[in-house]
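*Asks:* data-v5.csv is reproduced in full below (CSV, C-alpha atoms and all ligand atoms).
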```csv
chain,number,residue,atom,x,y,z
A,1,MET,CA,0.0,0.0,0.0
A,2,SER,CA,1.4,3.4,-0.9
A,3,GLU,CA,1.2,6.3,1.4
A,4,HIS,CA,-1.3,7.8,-0.9
A,5,ASP,CA,-3.8,5.0,0.0
A,6,THR,CA,-3.9,5.9,3.7
A,7,PRO,CA,-4.3,9.7,3.9
A,8,ARG,CA,-3.5,11.1,7.3
A,9,PHE,CA,-4.9,14.4,6.3
A,10,ASN,CA,-8.1,15.7,4.7
A,11,GLN,CA,-8.1,15.3,0.9
A,12,PRO,CA,-10.0,17.2,-1.8
A,13,LEU,CA,-12.7,15.0,-3.2
A,14,GLY,CA,-11.2,13.6,-6.4
A,15,GLY,CA,-12.4,14.2,-9.9
A,16,ASN,CA,-12.6,10.5,-10.5
A,17,ASP,CA,-14.6,9.7,-7.4
A,18,MET,CA,-17.3,12.3,-8.0
A,19,PRO,CA,-17.8,14.3,-11.2
A,20,ARG,CA,-16.2,17.7,-10.8
A,21,PHE,CA,-19.6,19.4,-11.3
A,22,GLY,CA,-21.0,17.5,-8.4
A,23,GLY,CA,-20.1,17.0,-4.8
A,24,PRO,CA,-19.7,19.7,-2.1
A,25,ALA,CA,-19.2,23.3,-3.2
A,26,SER,CA,-16.4,23.8,-0.7
A,27,MET,CA,-12.9,25.1,-1.6
A,28,MET,CA,-11.3,22.3,-3.7
A,29,ARG,CA,-14.2,20.1,-2.5
A,30,LEU,CA,-12.4,19.7,0.8
A,31,PRO,CA,-14.2,18.7,4.0
A,32,MET,CA,-16.0,21.6,5.7
A,33,GLN,CA,-15.9,22.2,9.5
A,34,ALA,CA,-17.3,24.8,11.8
A,35,ASN,CA,-14.0,26.3,13.0
A,36,ALA,CA,-10.2,26.0,12.7
A,37,LYS,CA,-9.7,23.5,15.5
A,38,GLY,CA,-7.1,20.9,14.5
A,39,LEU,CA,-6.2,22.6,11.2
A,40,ASP,CA,-2.8,23.7,9.9
A,41,ALA,CA,-4.5,25.9,7.3
A,42,ALA,CA,-8.1,27.0,6.8
A,43,PHE,CA,-9.9,28.4,3.8
A,44,VAL,CA,-12.4,31.1,4.8
A,45,GLY,CA,-14.8,33.1,2.8
A,46,ILE,CA,-15.8,36.8,3.4
A,47,PRO,CA,-18.8,37.5,1.2
A,48,MET,CA,-18.6,41.2,1.3
A,49,ASP,CA,-18.8,44.1,-1.3
A,50,ILE,CA,-20.1,47.0,0.8
A,51,GLY,CA,-16.6,48.5,0.8
A,52,THR,CA,-16.4,48.8,-2.9
A,53,SER,CA,-16.2,52.2,-4.7
A,54,ASN,CA,-17.2,51.3,-8.2
A,55,ARG,CA,-19.1,48.3,-9.6
A,56,PRO,CA,-20.1,45.8,-6.8
A,57,GLY,CA,-20.3,42.0,-6.8
A,58,THR,CA,-17.5,40.7,-4.7
A,59,ARG,CA,-20.1,39.5,-2.1
A,60,LEU,CA,-20.4,36.6,-4.6
A,61,GLY,CA,-16.7,36.0,-4.9
A,62,PRO,CA,-16.2,33.3,-2.2
A,63,ARG,CA,-18.9,31.1,-3.7
A,64,GLN,CA,-17.6,31.5,-7.2
A,65,ILE,CA,-14.0,30.8,-6.2
A,66,ARG,CA,-15.1,27.7,-4.4
A,67,ASP,CA,-17.1,26.6,-7.4
A,68,GLU,CA,-14.3,27.1,-9.9
A,69,SER,CA,-11.8,25.5,-7.5
A,70,ARG,CA,-13.3,22.1,-8.4
A,71,MET,CA,-10.8,22.0,-11.3
A,72,LEU,CA,-7.8,22.0,-9.0
A,73,ARG,CA,-6.0,18.7,-8.4
A,74,PRO,CA,-4.0,18.1,-5.2
A,75,TYR,CA,-0.4,18.0,-6.5
A,76,ASN,CA,1.5,21.0,-7.9
A,77,MET,CA,3.1,19.8,-11.1
A,78,ALA,CA,5.5,22.8,-11.4
A,79,THR,CA,6.8,23.0,-7.8
A,80,ARG,CA,6.0,19.4,-6.7
A,81,ALA,CA,4.4,20.8,-3.6
A,82,ALA,CA,2.1,18.2,-1.9
A,83,PRO,CA,0.0,20.3,0.5
A,84,PHE,CA,-2.5,17.6,1.3
A,85,ASP,CA,0.3,15.1,2.2
A,86,SER,CA,1.7,17.7,4.6
A,87,LEU,CA,-1.0,19.8,6.3
A,88,GLN,CA,-4.5,19.4,7.7
A,89,VAL,CA,-6.6,21.7,5.6
A,90,ALA,CA,-10.4,22.3,5.5
A,91,ASP,CA,-12.9,24.9,4.4
A,92,ILE,CA,-14.4,26.6,7.5
A,93,GLY,CA,-17.1,28.5,5.6
A,94,ASP,CA,-17.8,32.2,5.6
A,95,VAL,CA,-17.5,35.0,8.1
A,96,PRO,CA,-21.0,36.2,9.0
A,97,ILE,CA,-20.5,39.9,8.2
A,98,ASN,CA,-23.3,42.4,8.7
A,99,THR,CA,-24.1,43.3,5.1
A,100,PHE,CA,-25.9,46.5,6.1
A,101,ASP,CA,-22.9,47.9,8.2
A,102,LEU,CA,-19.4,48.0,6.9
A,103,LYS,CA,-17.9,49.3,10.2
A,104,LYS,CA,-19.6,46.6,12.2
A,105,SER,CA,-18.3,44.1,9.7
A,106,VAL,CA,-14.8,45.2,10.3
A,107,GLY,CA,-15.2,44.3,14.0
A,108,ILE,CA,-16.9,41.0,13.1
A,109,ILE,CA,-14.0,40.1,10.9
A,110,GLU,CA,-11.3,41.0,13.4
A,111,ASN,CA,-13.0,38.9,16.1
A,112,TYR,CA,-13.5,36.0,13.8
A,113,TYR,CA,-9.8,35.9,12.9
A,114,HIS,CA,-8.7,36.4,16.4
A,115,GLU,CA,-10.6,33.2,17.3
A,116,LEU,CA,-9.3,31.4,14.2
A,117,LEU,CA,-5.7,32.3,15.0
A,118,SER,CA,-6.1,30.9,18.6
A,119,HIS,CA,-6.1,27.4,16.9
A,120,ASP,CA,-2.7,28.2,15.2
A,121,ALA,CA,-4.2,27.6,11.8
A,122,VAL,CA,-3.0,29.7,8.8
A,123,PRO,CA,-6.0,31.5,7.2
A,124,LEU,CA,-6.3,31.7,3.4
A,125,THR,CA,-9.2,34.0,2.7
A,126,LEU,CA,-11.5,34.1,-0.3
A,127,GLY,CA,-12.8,37.7,-0.7
A,128,GLY,CA,-14.7,39.8,-0.7
A,129,ASP,CA,-13.6,43.4,-1.2
A,130,HIS,CA,-10.2,44.6,-0.1
A,131,THR,CA,-11.5,46.3,3.0
A,132,LEU,CA,-11.3,42.9,4.7
A,133,THR,CA,-7.5,42.8,4.9
A,134,TRP,CA,-7.4,45.6,7.5
A,135,PRO,CA,-9.3,43.7,10.2
A,136,ILE,CA,-7.4,40.5,9.3
A,137,LEU,CA,-4.1,42.4,9.8
A,138,ARG,CA,-5.3,43.6,13.1
A,139,ALA,CA,-5.8,40.0,14.3
A,140,MET,CA,-2.5,39.0,12.7
A,141,ALA,CA,-0.6,41.7,14.5
A,142,ARG,CA,-2.2,40.8,17.8
A,143,LYS,CA,-0.8,37.3,17.4
A,144,HIS,CA,2.5,37.9,15.6
A,145,GLY,CA,3.3,41.6,16.1
A,146,PRO,CA,3.7,43.8,13.0
A,147,VAL,CA,3.9,41.6,9.8
A,148,GLY,CA,5.7,41.9,6.5
A,149,LEU,CA,3.4,42.2,3.6
A,150,ILE,CA,3.5,41.1,0.0
A,151,HIS,CA,0.7,43.1,-1.7
A,152,ILE,CA,-0.2,42.5,-5.3
A,153,ASP,CA,-2.7,45.1,-6.7
A,154,ALA,CA,-3.3,47.7,-9.4
A,155,HIS,CA,-4.0,50.1,-6.5
A,156,ALA,CA,-2.0,51.0,-3.5
A,157,ASP,CA,-5.1,51.1,-1.3
A,158,ILE,CA,-3.6,53.7,1.0
A,159,ASN,CA,-6.3,56.4,0.5
A,160,GLU,CA,-6.7,58.6,3.6
A,161,HIS,CA,-10.5,58.7,3.0
A,162,MET,CA,-13.0,57.7,0.4
A,163,PHE,CA,-16.1,59.8,0.3
A,164,GLY,CA,-15.0,61.1,3.7
A,165,GLU,CA,-15.0,57.6,5.2
A,166,GLU,CA,-12.0,55.8,6.8
A,167,VAL,CA,-13.3,52.4,6.0
A,168,ALA,CA,-13.4,51.4,2.3
A,169,HIS,CA,-11.6,49.0,-0.1
A,170,GLY,CA,-9.2,51.8,-1.1
A,171,CYS,CA,-8.0,52.4,2.5
A,172,PRO,CA,-6.9,49.2,4.2
A,173,PHE,CA,-3.2,49.7,4.1
A,174,ARG,CA,-3.4,53.3,5.2
A,175,ARG,CA,-5.3,52.2,8.3
A,176,ALA,CA,-3.0,49.2,8.9
A,177,GLN,CA,0.1,51.4,8.7
A,178,GLU,CA,-1.4,54.1,11.0
A,179,GLU,CA,-2.2,51.3,13.6
A,180,GLY,CA,1.3,49.9,13.4
A,181,LEU,CA,0.2,46.5,12.0
A,182,LEU,CA,2.8,46.4,9.3
A,183,ASP,CA,6.6,46.1,9.6
A,184,SER,CA,7.0,48.9,7.1
A,185,GLN,CA,10.5,48.0,6.1
A,186,ARG,CA,9.2,44.7,5.0
A,187,VAL,CA,6.3,45.8,2.8
A,188,VAL,CA,6.3,45.4,-1.0
A,189,GLN,CA,3.5,46.5,-3.3
A,190,ILE,CA,3.6,45.0,-6.8
A,191,GLY,CA,1.6,45.8,-9.9
A,192,LEU,CA,0.5,49.4,-9.0
A,193,ARG,CA,-0.6,51.4,-12.1
A,194,GLY,CA,-3.2,53.4,-13.8
A,195,THR,CA,-4.5,56.9,-12.8
A,196,GLY,CA,-4.1,58.6,-9.5
A,197,TYR,CA,-6.0,61.2,-7.4
A,198,ALA,CA,-2.7,63.1,-7.3
A,199,ALA,CA,0.6,62.6,-9.1
A,200,ASP,CA,2.4,61.7,-5.9
A,201,ASP,CA,-0.1,59.1,-4.6
A,202,PHE,CA,2.4,56.3,-4.5
A,203,ASP,CA,5.0,58.5,-2.8
A,204,TRP,CA,3.2,58.2,0.5
A,205,CYS,CA,4.0,54.4,0.3
A,206,ARG,CA,7.6,55.1,-0.4
A,207,GLU,CA,7.8,57.6,2.5
A,208,GLN,CA,6.6,54.8,4.8
A,209,GLY,CA,9.5,52.6,3.7
A,210,PHE,CA,7.3,50.4,1.5
A,211,ARG,CA,8.9,49.1,-1.7
A,212,VAL,CA,6.7,50.0,-4.7
A,213,VAL,CA,7.1,47.9,-7.8
A,214,THR,CA,4.8,49.4,-10.5
A,215,ALA,CA,3.3,47.3,-13.2
A,216,GLU,CA,5.5,49.1,-15.8
A,217,GLN,CA,8.5,47.8,-13.8
A,218,CYS,CA,7.1,44.3,-14.3
A,219,TRP,CA,6.1,44.4,-17.9
A,220,HIS,CA,7.8,41.8,-20.2
A,221,LYS,CA,9.9,40.4,-17.4
A,222,SER,CA,10.2,37.4,-15.2
A,223,LEU,CA,9.6,38.3,-11.6
A,224,GLU,CA,11.8,35.6,-10.2
A,225,PRO,CA,14.7,38.1,-9.6
A,226,LEU,CA,12.4,40.5,-7.9
A,227,MET,CA,11.2,37.7,-5.6
A,228,ALA,CA,14.7,36.8,-4.7
A,229,GLU,CA,15.1,40.3,-3.4
A,230,VAL,CA,11.8,40.2,-1.6
A,231,ARG,CA,12.8,37.0,0.2
A,232,GLU,CA,15.9,38.8,1.3
A,233,GLN,CA,13.9,41.7,2.5
A,234,MET,CA,11.3,39.6,4.4
A,235,GLY,CA,13.9,37.5,6.2
A,236,ASP,CA,12.6,35.1,8.9
A,237,GLY,CA,9.7,37.3,10.1
A,238,PRO,CA,6.0,36.7,9.7
A,239,VAL,CA,4.7,37.6,6.2
A,240,TYR,CA,1.2,38.1,5.0
A,241,ILE,CA,0.2,37.9,1.3
A,242,SER,CA,-2.6,40.0,0.1
A,243,PHE,CA,-3.5,39.4,-3.6
A,244,ASP,CA,-6.0,41.7,-5.2
A,245,ILE,CA,-7.1,40.0,-8.4
A,246,ASP,CA,-7.1,43.4,-10.2
A,247,GLY,CA,-3.3,43.3,-10.0
A,248,LEU,CA,-3.6,40.9,-12.9
A,249,ASP,CA,-4.3,42.2,-16.4
A,250,PRO,CA,-8.0,42.6,-17.1
A,251,SER,CA,-7.6,40.3,-20.1
A,252,VAL,CA,-6.8,37.5,-17.6
A,253,ALA,CA,-9.1,38.7,-14.8
A,254,PRO,CA,-11.9,40.8,-16.1
A,255,GLY,CA,-14.3,39.9,-13.2
A,256,THR,CA,-13.5,42.7,-10.8
A,257,GLY,CA,-14.9,46.0,-9.8
A,258,THR,CA,-12.1,48.6,-10.4
A,259,VAL,CA,-10.4,47.6,-13.6
A,260,GLU,CA,-7.0,49.1,-14.6
A,261,ALA,CA,-5.3,48.5,-18.0
A,262,ALA,CA,-2.0,46.7,-18.5
A,263,GLY,CA,-1.4,44.6,-15.4
A,264,LEU,CA,0.5,41.5,-14.5
A,265,THR,CA,0.3,38.3,-16.4
A,266,MET,CA,-0.8,35.1,-14.8
A,267,PRO,CA,2.7,33.6,-15.0
A,268,GLN,CA,3.9,36.7,-13.1
A,269,GLY,CA,1.2,36.1,-10.5
A,270,LEU,CA,2.4,32.6,-10.1
A,271,GLU,CA,6.1,33.7,-9.9
A,272,ILE,CA,5.2,36.1,-7.1
A,273,VAL,CA,3.3,33.5,-4.9
A,274,ARG,CA,5.8,30.7,-5.7
A,275,GLY,CA,8.6,33.2,-4.9
A,276,ALA,CA,7.2,33.3,-1.3
A,277,GLN,CA,8.3,29.7,-0.7
A,278,GLY,CA,10.6,29.5,2.3
A,279,LEU,CA,9.2,32.6,4.0
A,280,ASN,CA,7.3,32.5,7.3
A,281,VAL,CA,3.9,32.9,5.6
A,282,VAL,CA,1.3,33.4,8.3
A,283,GLY,CA,-1.7,34.1,6.1
A,284,GLY,CA,-3.0,35.2,2.8
A,285,ASP,CA,-6.0,36.5,1.0
A,286,LEU,CA,-7.3,36.7,-2.6
A,287,VAL,CA,-9.7,39.6,-2.9
A,288,GLU,CA,-11.9,41.5,-5.4
A,289,VAL,CA,-13.2,38.7,-7.5
A,290,ALA,CA,-16.6,40.0,-8.8
A,291,PRO,CA,-18.5,37.2,-10.5
A,292,PRO,CA,-21.1,39.3,-12.3
A,293,TYR,CA,-18.4,40.5,-14.7
A,294,ASP,CA,-16.7,37.1,-15.0
A,295,ALA,CA,-18.7,35.5,-17.8
A,296,SER,CA,-16.3,32.5,-18.3
A,297,GLY,CA,-15.6,32.0,-14.6
A,298,ASN,CA,-11.9,32.4,-15.4
A,299,THR,CA,-11.3,35.3,-12.9
A,300,ALA,CA,-12.6,33.1,-10.1
A,301,LEU,CA,-10.5,30.1,-11.4
A,302,MET,CA,-7.4,32.3,-11.4
A,303,GLY,CA,-8.3,33.4,-7.9
A,304,ALA,CA,-8.7,29.8,-6.7
A,305,THR,CA,-5.4,28.8,-8.4
A,306,LEU,CA,-3.6,31.6,-6.6
A,307,LEU,CA,-5.1,30.5,-3.3
A,308,TYR,CA,-4.0,27.0,-4.0
A,309,GLU,CA,-0.5,28.3,-4.8
A,310,MET,CA,-0.4,30.2,-1.4
A,311,LEU,CA,-1.3,26.9,0.3
A,312,CYS,CA,1.6,25.3,-1.5
A,313,VAL,CA,4.2,27.8,-0.1
A,314,LEU,CA,3.1,27.5,3.5
A,315,PRO,CA,5.7,26.4,6.0
A,316,GLY,CA,5.8,22.6,6.3
A,317,VAL,CA,4.5,21.7,2.8
A,318,LYS,CA,6.6,18.9,1.4
A,319,ARG,CA,7.7,18.6,-2.1
A,320,ARG,CA,7.5,15.2,-3.8
B,1,LIG,N1,-9.8,47.4,-5.7
B,1,LIG,C1,-9.4,48.0,-4.6
B,1,LIG,N2,-9.0,47.3,-3.6
B,1,LIG,N3,-9.2,49.3,-4.5
B,1,LIG,C2,-9.7,50.2,-5.5
B,1,LIG,C3,-9.4,51.6,-5.1
B,1,LIG,C4,-10.0,52.5,-6.0
B,1,LIG,C5,-9.6,53.9,-5.7
B,1,LIG,O1,-8.7,54.2,-4.9
B,1,LIG,O2,-10.2,54.8,-6.4
B,2,MN,MN,-7.1,46.9,-6.7
B,3,MN,MN,-7.0,46.4,-3.6
```
Now that the file is in, can you turn its structure into structure tokens?
Ligand SMILES: N=C(N)NCCCC(=O)O
Ligand SMILES: [Mn+2]
Ligand SMILES: [Mn+2]

*Replies:*
Amino acid sequence: MSEHDTPRFNQPLGGNDMPRFGGPASMMRLPMQANAKGLDAAFVGIPMDIGTSNRPGTRLGPRQIRDESRMLRPYNMATRAAPFDSLQVADIGDVPINTFDLKKSVGIIENYYHELLSHDAVPLTLGGDHTLTWPILRAMARKHGPVGLIHIDAHADINEHMFGEEVAHGCPFRRAQEEGLLDSQRVVQIGLRGTGYAADDFDWCREQGFRVVTAEQCWHKSLEPLMAEVREQMGDGPVYISFDIDGLDPSVAPGTGTVEAAGLTMPQGLEIVRGAQGLNVVGGDLVEVAPPYDASGNTALMGATLLYEMLCVLPGVKRR
């Protein structure tokens, strides 16, 4: 009997055991459980779009990411990562936000992640609009202290206010920095581009000590050399990965609310996440998938794939 016959850990339901279009609609058709007890890593959904500033729809993101994730098989053919031979993973469902109150939802999310982290599980979050990263970082900093951040996005999301409000999907990293949740010498923002409210918008990030890598600096290049530098910068400290799907080019990921031209390619997205291997990754999220503009489902599938790749770089994942 091979080791594959006697799984010690939860396994995704296989595509030859149940048709891919059947079975549970959980992330990768993994078992679901009510909380993170006993888990090394937990997929969690946050069905929220009340922080969005343009077209909405990310409240439907977690469901669609789960649905499209049915195409993912357990073994990573490029990196040979075998996450389900290594870690106990499950889908723990959705955070019950208050869809009528964004500010209350921030508190609900922080408390939820505080409880989740008490089980020592690494959360991998299916968004949801980018507002959600702020309360997650609050819970992260309570456990780990200020964290390093690998942030992939078309936008810096460091607006001081939006429509006079401090809580919005364009503000999470401004709030996180003000609250000391980030180790600002270990923050890198990749893929920023487009039009700004002011010509010096991204300079605020640089003044904080963040490394800004614009989309233009990424065009036509492999990002492996960049990620070697990022690994050096991150060192051994805790690192959080926040991947806004709009960091990718809209030709790859059209299903999102605030589209910007000429973004990262999917191979570059994979290079970034795979380049985090060896780091002390303590959590990650994939945000801003908006299914109403995702006719093919490909945006959600790219999101599911990036979450799977985050799982593959968690500490303790074996390669076969
Ligand atoms: N998609 C995210 N997270 N942010 C968009 C921010 C749009 C803006 O600053 O105008
Ligand atoms: Mn964005
Ligand atoms: Mn964003």

*Asks:* Write out as CSV the residues of chain A that have any atom within 8 Å of an atom of ligand LIG 1 (chain B), one row each with the nearest atom pair and its distance in Å to one decimal, counting only C-alpha atoms and all ligand atoms, sorted by chain and then rising number.

*Replies:*
```
residue,atom,partner,partner_atom,distance
A:Thr52,CA,B:LIG1,C1,7.2
A:Ser53,CA,B:LIG1,C4,6.3
A:Asn54,CA,B:LIG1,C4,7.6
A:Asp129,CA,B:LIG1,N2,6.5
A:His130,CA,B:LIG1,N2,4.6
A:Thr131,CA,B:LIG1,N2,7.1
A:Asp153,CA,B:LIG1,N2,7.4
A:Ala154,CA,B:LIG1,N1,7.5
A:His155,CA,B:LIG1,N3,5.6
A:Ala156,CA,B:LIG1,N3,7.5
A:Asp157,CA,B:LIG1,N3,5.5
A:Ile158,CA,B:LIG1,O1,7.8
A:Asn159,CA,B:LIG1,O1,6.3
A:Met162,CA,B:LIG1,O1,7.7
A:His169,CA,B:LIG1,N2,4.7
A:Gly170,CA,B:LIG1,C3,4.0
A:Cys171,CA,B:LIG1,O1,7.6
A:Gly196,CA,B:LIG1,O2,7.8
A:Tyr197,CA,B:LIG1,O2,7.7
A:Asp244,CA,B:LIG1,N2,6.6
A:Asp246,CA,B:LIG1,N1,6.6
A:Thr256,CA,B:LIG1,N1,7.9
A:Gly257,CA,B:LIG1,N1,6.7
A:Thr258,CA,B:LIG1,N1,5.4
A:Val259,CA,B:LIG1,N1,7.9
A:Val287,CA,B:LIG1,N2,7.8
A:Glu288,CA,B:LIG1,N1,6.3
```

*Asks:* Give me, please, the distance in Å between atom CA of Gly303 of chain A and atom CA of Met234 of chain A, quoted to one decimal.

*Replies:*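 Distance reported for this atom pair: 24.0 Å.
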
*Asks:* Residues near Tyr240 of chain A, anyone? I mean within 12 Å using all atoms listed in the file, not counting same-chain ones fewer than 5 positions away, as a ChimeraX atom specification.

*Replies:* /A:122-125,133-134,136-141,144-152,181-183,186-188,234,273,276,279-286,310,313-314

*Asks:* Between A:Cys312, A:Ala295, A:Ile190, A:Val212, which residue has the minimum interatomic distance to ligand MN 3 (chain B), considering only C-alpha atoms and all ligand atoms?

*Replies:*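 Of the candidates, the smallest distance to ligand MN 3 (chain B) is held by A:Ile190.
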
*Asks:* Given the choices A:Val289, A:Glu232, A:Phe173, A:Leu102, which gets closest to Phe210 of chain A if the distance is worked out from all atoms listed in the file?

*Replies:* A:Phe173

*Asks:* With a distance cut-off of 7 Å and all atoms listed in the file, select the neighbouring residues of Pro83 of chain A, excluding the residue or stretch itself and same-chain residues fewer than 6 positions from it, and output the selection as a ChimeraX atom specification.

*Replies:* /A:311-312,317-318

*Asks:* Using C-alpha atoms, can you write the selected residues to a file as a compact mmCIF listing (two decimals), in the frame of the given file?

*Replies:*
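Contents of result-v9.txt, freshly written:
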```txt
# COMPACT_ATOMS: atom_id res chain seq x y z
CA LEU A 311 -1.30 26.90 0.30
CA CYS A 312 1.60 25.30 -1.50
CA VAL A 317 4.50 21.70 2.80
CA LYS A 318 6.60 18.90 1.40
```

*Asks:* What lies within 12 Å of Arg20 of chain A using only C-alpha atoms, ignoring chain neighbours under 4 positions off, as a list of chain:residue names?

*Replies:*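 Surrounding residues, per the criterion: A:Pro12, A:Leu13, A:Gly14, A:Gly15, A:Asn16, A:Pro24, A:Ala25, A:Ser26, A:Met28, A:Arg29, A:Arg66, A:Asp67, A:Glu68, A:Ser69, A:Arg70, A:Met71, A:Leu72, A:Arg73.
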
*Asks:* Please, what distance in Å, to one decimal, runs between atom CA of Arg174 of chain A and atom CA of Glu160 of chain A?

*Replies:*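 The value is 6.4 Å.
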
*Asks:* Could you check how far atom CA of Ile109 of chain A sits from atom CA of Leu301 of chain A, in Å to one decimal?

*Replies:* 24.7 Å

*Asks:* Which one is closest to ligand MN 3 (chain B): A:Arg193, A:Arg8, A:Lys103, A:Arg80? Count all atoms listed in the file.

*Replies:*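 Nearest candidate to ligand MN 3 (chain B) out of A:Arg193, A:Arg8, A:Lys103, A:Arg80: A:Arg193.
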
*Asks:* A:Met27, A:Ser222, A:Ala253, A:Ala82: which is nearest Gln64 of chain A, counting all atoms listed in the file?

*Replies:*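 Of the candidates, the smallest distance to Gln64 of chain A is held by A:Met27.
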
*Asks:* Generate a file for segment 120-136 of chain A, containing N, CA and C atoms, as a short mmCIF file (atom, residue, chain, number, x, y, z; two decimals), in the first residue's frame.

*Replies:*
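That gives us decode-v3.cif:
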```cif
data_model
loop_
_atom_site.label_atom_id
_atom_site.label_comp_id
_atom_site.auth_asym_id
_atom_site.auth_seq_id
_atom_site.Cartn_x
_atom_site.Cartn_y
_atom_site.Cartn_z
N ASP A 120 -3.99 28.27 15.93
CA ASP A 120 -2.71 28.18 15.23
C ASP A 120 -2.86 27.71 13.78
N ALA A 121 -4.01 27.93 13.19
CA ALA A 121 -4.19 27.63 11.77
C ALA A 121 -3.81 28.86 10.95
N VAL A 122 -3.32 28.63 9.74
CA VAL A 122 -3.01 29.74 8.82
C VAL A 122 -4.25 30.00 7.97
N PRO A 123 -4.80 31.22 8.03
CA PRO A 123 -5.99 31.50 7.23
C PRO A 123 -5.65 31.89 5.79
N LEU A 124 -6.39 31.31 4.86
CA LEU A 124 -6.32 31.69 3.44
C LEU A 124 -7.72 32.13 3.05
N THR A 125 -7.87 33.41 2.80
CA THR A 125 -9.19 34.03 2.71
C THR A 125 -9.65 34.24 1.27
N LEU A 126 -10.90 33.88 1.02
CA LEU A 126 -11.55 34.09 -0.27
C LEU A 126 -12.40 35.35 -0.14
N GLY A 127 -11.98 36.44 -0.83
CA GLY A 127 -12.77 37.67 -0.73
C GLY A 127 -13.81 37.71 -1.83
N GLY A 128 -14.64 38.72 -1.66
CA GLY A 128 -14.66 39.80 -0.71
C GLY A 128 -13.84 41.01 -1.21
N ASP A 129 -14.32 42.20 -0.82
CA ASP A 129 -13.59 43.40 -1.23
C ASP A 129 -12.41 43.65 -0.30
N HIS A 130 -11.48 44.50 -0.74
CA HIS A 130 -10.18 44.61 -0.07
C HIS A 130 -10.25 45.25 1.32
N THR A 131 -11.38 45.81 1.68
CA THR A 131 -11.53 46.32 3.05
C THR A 131 -11.15 45.25 4.07
N LEU A 132 -11.44 44.00 3.75
CA LEU A 132 -11.33 42.92 4.73
C LEU A 132 -9.90 42.68 5.21
N THR A 133 -8.91 43.11 4.44
CA THR A 133 -7.53 42.84 4.85
C THR A 133 -7.14 43.62 6.11
N TRP A 134 -7.76 44.79 6.29
CA TRP A 134 -7.42 45.60 7.47
C TRP A 134 -7.75 44.85 8.77
N PRO A 135 -9.01 44.40 8.97
CA PRO A 135 -9.27 43.66 10.21
C PRO A 135 -8.49 42.35 10.33
N ILE A 136 -8.20 41.70 9.21
CA ILE A 136 -7.38 40.49 9.30
C ILE A 136 -5.99 40.85 9.82
#
```
